[in-house]
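*Asks:* Next comes the structure file final-v5.pdb, holding PDB, C-alpha atoms.
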```pdb
ATOM      1  CA  MET A   1     101.534-162.911  23.639
ATOM      2  CA  ASP A   2      99.785-165.350  25.919
ATOM      3  CA  PRO A   3      96.075-164.360  26.129
ATOM      4  CA  PHE A   4      96.136-164.662  29.929
ATOM      5  CA  VAL A   5      99.053-162.215  30.175
ATOM      6  CA  PHE A   6      97.272-159.846  27.801
ATOM      7  CA  PHE A   7      94.107-160.035  29.946
ATOM      8  CA  VAL A   8      96.069-159.383  33.146
ATOM      9  CA  ILE A   9      97.735-156.339  31.544
ATOM     10  CA  LEU A  10      94.344-154.968  30.450
ATOM     11  CA  LEU A  11      92.875-155.631  33.892
ATOM     12  CA  SER A  12      95.809-153.856  35.520
ATOM     13  CA  ALA A  13      95.366-150.853  33.225
ATOM     14  CA  ALA A  14      91.635-150.725  34.003
ATOM     15  CA  CYS A  15      92.305-150.883  37.747
ATOM     16  CA  HIS A  16      94.915-148.141  37.444
ATOM     17  CA  ALA A  17      92.508-145.914  35.520
ATOM     18  CA  ALA A  18      89.693-146.617  37.999
ATOM     19  CA  LEU A  19      91.976-145.752  40.912
ATOM     20  CA  ASN A  20      92.871-142.423  39.315
ATOM     21  CA  CYS A  21      89.221-141.628  38.592
ATOM     22  CA  ALA A  22      88.278-142.479  42.182
ATOM     23  CA  LEU A  23      91.092-140.295  43.447
ATOM     24  CA  LYS A  24      89.927-137.359  41.320
ATOM     25  CA  SER A  25      86.306-137.769  42.399
ATOM     26  CA  ALA A  26      87.183-137.729  46.113
ATOM     27  CA  PRO A  27      86.132-134.580  47.991
ATOM     28  CA  ASP A  28      89.790-133.994  48.907
ATOM     29  CA  PRO A  29      92.105-135.710  46.390
ATOM     30  CA  LEU A  30      95.217-134.961  48.463
ATOM     31  CA  ALA A  31      93.765-136.599  51.580
ATOM     32  CA  ALA A  32      92.490-139.496  49.469
ATOM     33  CA  SER A  33      95.923-140.049  47.921
ATOM     34  CA  ILE A  34      97.533-140.101  51.370
ATOM     35  CA  MET A  35      94.938-142.627  52.542
ATOM     36  CA  LEU A  36      95.619-144.803  49.474
ATOM     37  CA  ALA A  37      99.348-144.740  50.199
ATOM     38  CA  ILE A  38      98.813-145.681  53.844
ATOM     39  CA  GLY A  39      96.286-148.341  52.857
ATOM     40  CA  GLY A  40      98.738-149.857  50.406
ATOM     41  CA  GLY A  41     101.375-150.074  53.125
ATOM     42  CA  VAL A  42      98.954-151.700  55.548
ATOM     43  CA  ALA A  43      97.761-154.154  52.882
ATOM     44  CA  ALA A  44     101.356-155.119  52.055
ATOM     45  CA  THR A  45     102.337-155.756  55.680
ATOM     46  CA  PRO A  46     101.105-159.386  55.722
ATOM     47  CA  VAL A  47     103.488-160.099  52.840
ATOM     48  CA  LEU A  48     106.393-159.212  55.137
ATOM     49  CA  ILE A  49     105.103-161.694  57.685
ATOM     50  CA  LEU A  50     105.029-164.420  55.031
ATOM     51  CA  THR A  51     108.314-163.586  53.302
ATOM     52  CA  GLY A  52     110.359-162.079  56.103
ATOM     53  CA  ALA A  53     112.038-158.711  56.214
ATOM     54  CA  PRO A  54     114.234-157.711  53.288
ATOM     55  CA  PRO A  55     118.000-157.796  53.794
ATOM     56  CA  LEU A  56     119.577-154.805  55.515
ATOM     57  CA  GLU A  57     121.411-153.917  52.286
ATOM     58  CA  ALA A  58     118.023-153.054  50.761
ATOM     59  CA  ALA A  59     117.270-150.388  53.408
ATOM     60  CA  PRO A  60     118.562-147.388  51.400
ATOM     61  CA  TYR A  61     116.525-148.463  48.368
ATOM     62  CA  LEU A  62     113.424-149.003  50.473
ATOM     63  CA  ALA A  63     113.860-145.589  52.108
ATOM     64  CA  ALA A  64     114.302-143.941  48.703
ATOM     65  CA  SER A  65     111.211-145.749  47.409
ATOM     66  CA  VAL A  66     109.133-144.597  50.374
ATOM     67  CA  ILE A  67     110.263-140.984  49.958
ATOM     68  CA  ILE A  68     109.628-141.013  46.208
ATOM     69  CA  HIS A  69     106.165-142.489  46.695
ATOM     70  CA  ILE A  70     105.279-139.941  49.394
ATOM     71  CA  PHE A  71     106.100-137.218  46.865
ATOM     72  CA  TYR A  72     104.232-139.101  44.110
ATOM     73  CA  TRP A  73     101.002-139.520  46.085
ATOM     74  CA  SER A  74     101.144-135.991  47.489
ATOM     75  CA  PHE A  75     101.658-134.295  44.147
ATOM     76  CA  LEU A  76      99.152-136.568  42.390
ATOM     77  CA  GLY A  77      96.512-135.562  44.932
ATOM     78  CA  LYS A  78      97.397-131.889  44.489
ATOM     79  CA  ALA A  79      97.302-132.201  40.700
ATOM     80  CA  TYR A  80      93.838-133.792  40.788
ATOM     81  CA  ALA A  81      92.638-131.085  43.171
ATOM     82  CA  SER A  82      93.281-128.511  40.432
ATOM     83  CA  GLY A  83      92.998-130.453  37.159
ATOM     84  CA  SER A  84      90.915-133.074  35.433
ATOM     85  CA  VAL A  85      91.806-136.744  34.999
ATOM     86  CA  SER A  86      91.766-136.260  31.224
ATOM     87  CA  VAL A  87      94.627-133.771  31.534
ATOM     88  CA  VAL A  88      96.554-134.752  34.688
ATOM     89  CA  PHE A  89      96.829-138.476  34.013
ATOM     90  CA  PRO A  90      98.044-138.420  30.398
ATOM     91  CA  LEU A  91     100.434-135.543  31.059
ATOM     92  CA  ALA A  92     101.980-137.064  34.176
ATOM     93  CA  ARG A  93     102.271-140.503  32.602
ATOM     94  CA  GLY A  94     103.398-139.153  29.226
ATOM     95  CA  ILE A  95     106.043-136.773  30.498
ATOM     96  CA  ALA A  96     107.681-139.428  32.710
ATOM     97  CA  PRO A  97     108.955-141.761  29.945
ATOM     98  CA  VAL A  98     110.225-138.773  27.967
ATOM     99  CA  LEU A  99     112.193-137.618  31.025
ATOM    100  CA  VAL A 100     113.559-141.122  31.598
ATOM    101  CA  THR A 101     114.647-141.318  27.971
ATOM    102  CA  LEU A 102     116.352-137.928  28.060
ATOM    103  CA  ALA A 103     118.119-138.803  31.316
ATOM    104  CA  ALA A 104     119.291-142.119  29.866
ATOM    105  CA  VAL A 105     120.667-140.414  26.761
ATOM    106  CA  PHE A 106     122.275-137.358  28.363
ATOM    107  CA  LEU A 107     123.328-138.702  31.774
ATOM    108  CA  PHE A 108     124.131-142.332  30.992
ATOM    109  CA  ASN A 109     125.144-142.101  27.328
ATOM    110  CA  GLU A 110     122.396-144.513  26.255
ATOM    111  CA  GLN A 111     122.173-144.953  22.495
ATOM    112  CA  MET A 112     118.721-144.659  20.890
ATOM    113  CA  SER A 113     117.655-146.062  17.549
ATOM    114  CA  GLY A 114     115.609-144.096  15.060
ATOM    115  CA  SER A 115     112.451-146.030  15.891
ATOM    116  CA  GLN A 116     112.942-145.305  19.586
ATOM    117  CA  TRP A 117     113.167-141.586  18.843
ATOM    118  CA  VAL A 118     109.992-141.919  16.769
ATOM    119  CA  ALA A 119     108.302-143.460  19.822
ATOM    120  CA  VAL A 120     109.430-140.523  21.974
ATOM    121  CA  ALA A 121     108.127-138.127  19.318
ATOM    122  CA  CYS A 122     104.768-139.933  19.367
ATOM    123  CA  ILE A 123     104.564-139.540  23.130
ATOM    124  CA  LEU A 124     105.383-135.841  22.801
ATOM    125  CA  GLY A 125     102.720-135.592  20.097
ATOM    126  CA  GLY A 126     100.198-137.125  22.488
ATOM    127  CA  ILE A 127     101.155-134.609  25.162
ATOM    128  CA  CYS A 128     100.650-131.781  22.651
ATOM    129  CA  ILE A 129      97.258-133.194  21.643
ATOM    130  CA  VAL A 130      96.138-133.254  25.287
ATOM    131  CA  LEU A 131      97.257-129.671  25.728
ATOM    132  CA  ALA A 132      95.662-128.519  22.467
ATOM    133  CA  SER A 133      92.330-130.317  22.820
ATOM    134  CA  GLY A 134      90.242-127.552  24.237
ATOM    135  CA  TYR A 135      92.197-127.073  27.447
ATOM    136  CA  ASP A 136      92.086-123.494  28.689
ATOM    137  CA  VAL A 137      95.721-122.354  28.441
ATOM    138  CA  ASN A 138      95.081-119.367  30.726
ATOM    139  CA  ALA A 139      93.755-121.707  33.416
ATOM    140  CA  PHE A 140      96.808-123.894  32.830
ATOM    141  CA  ARG A 141      99.100-120.939  33.513
ATOM    142  CA  SER A 142      97.168-119.611  36.497
ATOM    143  CA  ASN A 143      97.035-122.680  38.721
ATOM    144  CA  THR A 144      99.522-125.078  40.288
ATOM    145  CA  MET A 145      98.394-128.130  38.314
ATOM    146  CA  PRO A 146     101.258-127.966  35.769
ATOM    147  CA  LEU A 147     103.894-127.881  38.525
ATOM    148  CA  ASN A 148     102.169-130.727  40.351
ATOM    149  CA  VAL A 149     101.967-132.764  37.140
ATOM    150  CA  MET A 150     105.687-132.213  36.546
ATOM    151  CA  ALA A 151     106.418-133.292  40.128
ATOM    152  CA  VAL A 152     104.361-136.463  39.563
ATOM    153  CA  ALA A 153     106.293-137.156  36.344
ATOM    154  CA  LEU A 154     109.614-136.632  38.146
ATOM    155  CA  SER A 155     108.452-138.997  40.902
ATOM    156  CA  VAL A 156     107.554-141.651  38.328
ATOM    157  CA  MET A 157     110.957-141.085  36.764
ATOM    158  CA  GLY A 158     112.516-141.603  40.185
ATOM    159  CA  TYR A 159     111.028-144.988  40.794
TER     160      TYR A 159
END
```
Here is the file; what I need is its structure written in the form of structure tokens.

*Replies:*
Amino acid sequence: MDPFVFFVILLSAACHAALNCALKSAPDPLAASIMLAIGGGVAATPVLILTGAPPLEAAPYLAASVIIHIFYWSFLGKAYASGSVSVVFPLARGIAPVLVTLAAVFLFNEQMSGSQWVAVACILGGICIVLASGYDVNAFRSNTMPLNVMAVALSVMGY
């Protein structure tokens, strides 16, 4: 891999992690997530001026993307309001690829190799490790964080 590409990937991952930590540390993570979503839209507006509006045929996909991201940001804010970054982030981001894989196999008849199933098993193992590493299971059952995390994972699956 080109070292520049590798550096950009690492930088992107660091920015993504920093954004999630900032979101969690906000006094109101839900309000902060809504502000981030609005800010992203405002920041992207100049791109439309430079590139022009997308074709009309893209409108349904853009509308679906907006709706999915509204759900994503809302549920991510709610999840961080009731759970820690060390639990919410790996669960939401770990569950999503497992859901995508299962949907591909069962809905679209995608064929998986043995090594791909091993990768899915590793992701599931990571999810189990997060859940087993000192997290209070009673607290997990008694708050809305698990449902919000699942909604975030479904949103990621959607886009």

*Asks:* Could you list, as a ChimeraX atom specification, every residue within 10 Å of A:Ala81, counting only C-alpha atoms and ignoring same-chain residues fewer than 6 positions away?

*Replies:* /A:23-30,75,144-145,148

*Asks:* Between atom CA of A:Thr101 and atom CA of A:Met157, what is the distance, to one decimal in Å?

*Replies:* 9.5 Å

*Asks:* Taking all atoms listed in the file into account, name the residue in A:Gly158, A:Val87, A:Trp73, A:Leu131 that is nearest to A:Tyr61.

*Replies:*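 Ranked by minimum distance to A:Tyr61, first place goes to A:Gly158.
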
*Asks:* Work out how far atom CA of A:Val130 is from atom CA of A:Pro90, in Å to one decimal.

*Replies:*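 Atom CA of A:Pro90 sits 7.5 Å away from atom CA of A:Val130.
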
*Asks:* Could you list, as an NGL selection string, every residue matched by the PyMOL selection byres ((chain A and resi 123) around 10) in this structure?

*Replies:* :A and (90-91 or 93-95 or 97-98 or 117-122 or 124-129)

*Asks:* Could you work out how far atom CA of A:Ala96 lies from atom CA of A:Ile38, giving the answer in Å with one decimal?

*Replies:*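 Computing it gives 23.8 Å between the two atoms.
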
*Asks:* Contacts of A:Ala151 at 9 Å or less, counting only C-alpha atoms, minus same-chain residues fewer than 3 places along, as an mmCIF file with C-alpha atoms, in the frame of the given file?

*Replies:*
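Listed below is the output, selection34.cif:
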```cif
data_model
loop_
_atom_site.group_PDB
_atom_site.id
_atom_site.type_symbol
_atom_site.label_atom_id
_atom_site.label_comp_id
_atom_site.auth_asym_id
_atom_site.auth_seq_id
_atom_site.Cartn_x
_atom_site.Cartn_y
_atom_site.Cartn_z
ATOM 1 C CA PHE A 71 106.100 -137.218 46.865
ATOM 2 C CA TYR A 72 104.232 -139.101 44.110
ATOM 3 C CA PHE A 75 101.658 -134.295 44.147
ATOM 4 C CA LEU A 76 99.152 -136.568 42.390
ATOM 5 C CA ALA A 92 101.980 -137.064 34.176
ATOM 6 C CA PRO A 146 101.258 -127.966 35.769
ATOM 7 C CA LEU A 147 103.894 -127.881 38.525
ATOM 8 C CA ASN A 148 102.169 -130.727 40.351
ATOM 9 C CA LEU A 154 109.614 -136.632 38.146
ATOM 10 C CA SER A 155 108.452 -138.997 40.902
ATOM 11 C CA VAL A 156 107.554 -141.651 38.328
#
```

*Asks:* Would you please work out which residue, of A:Ala37, A:Cys21, A:Ala43, A:Ala79, is nearest to A:Val66 when using only C-alpha atoms?

*Replies:*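 The closest residue to A:Val66 is A:Ala37.
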
*Asks:* A:Ala132, A:Met35, A:Leu10, A:Ala17: which is nearest A:Ile70, counting all atoms listed in the file?

*Replies:* A:Met35

*Asks:* Go through A:Val149, A:Ala18, A:Ala58, A:Leu48 and flag the residue nearest A:Ser82, using only C-alpha atoms for the distances.

*Replies:* A:Val149

*Asks:* In terms of the shortest atom-to-atom distance over all atoms listed in the file, which of A:Leu36, A:Met1, A:Ala53, A:Gln116 is closest to A:Gly77?

*Replies:* A:Leu36

*Asks:* Could you give me the centre and size, in Å to one decimal, of an axis-aligned box around all listed atoms of stretch 10-14 of chain A with 6 Å added on every side, as JSON?

*Replies:*
```
{"center_x": 93.7, "center_y": -153.2, "center_z": 33.0, "size_x": 16.2, "size_y": 16.9, "size_z": 17.1}
```

*Asks:* Compare A:Ala14, A:Ala31, A:Ile68, A:Ala153 by their minimum atom-to-atom distance to A:Val88, counting all atoms listed in the file, and give me the closest one.

*Replies:* A:Ala153
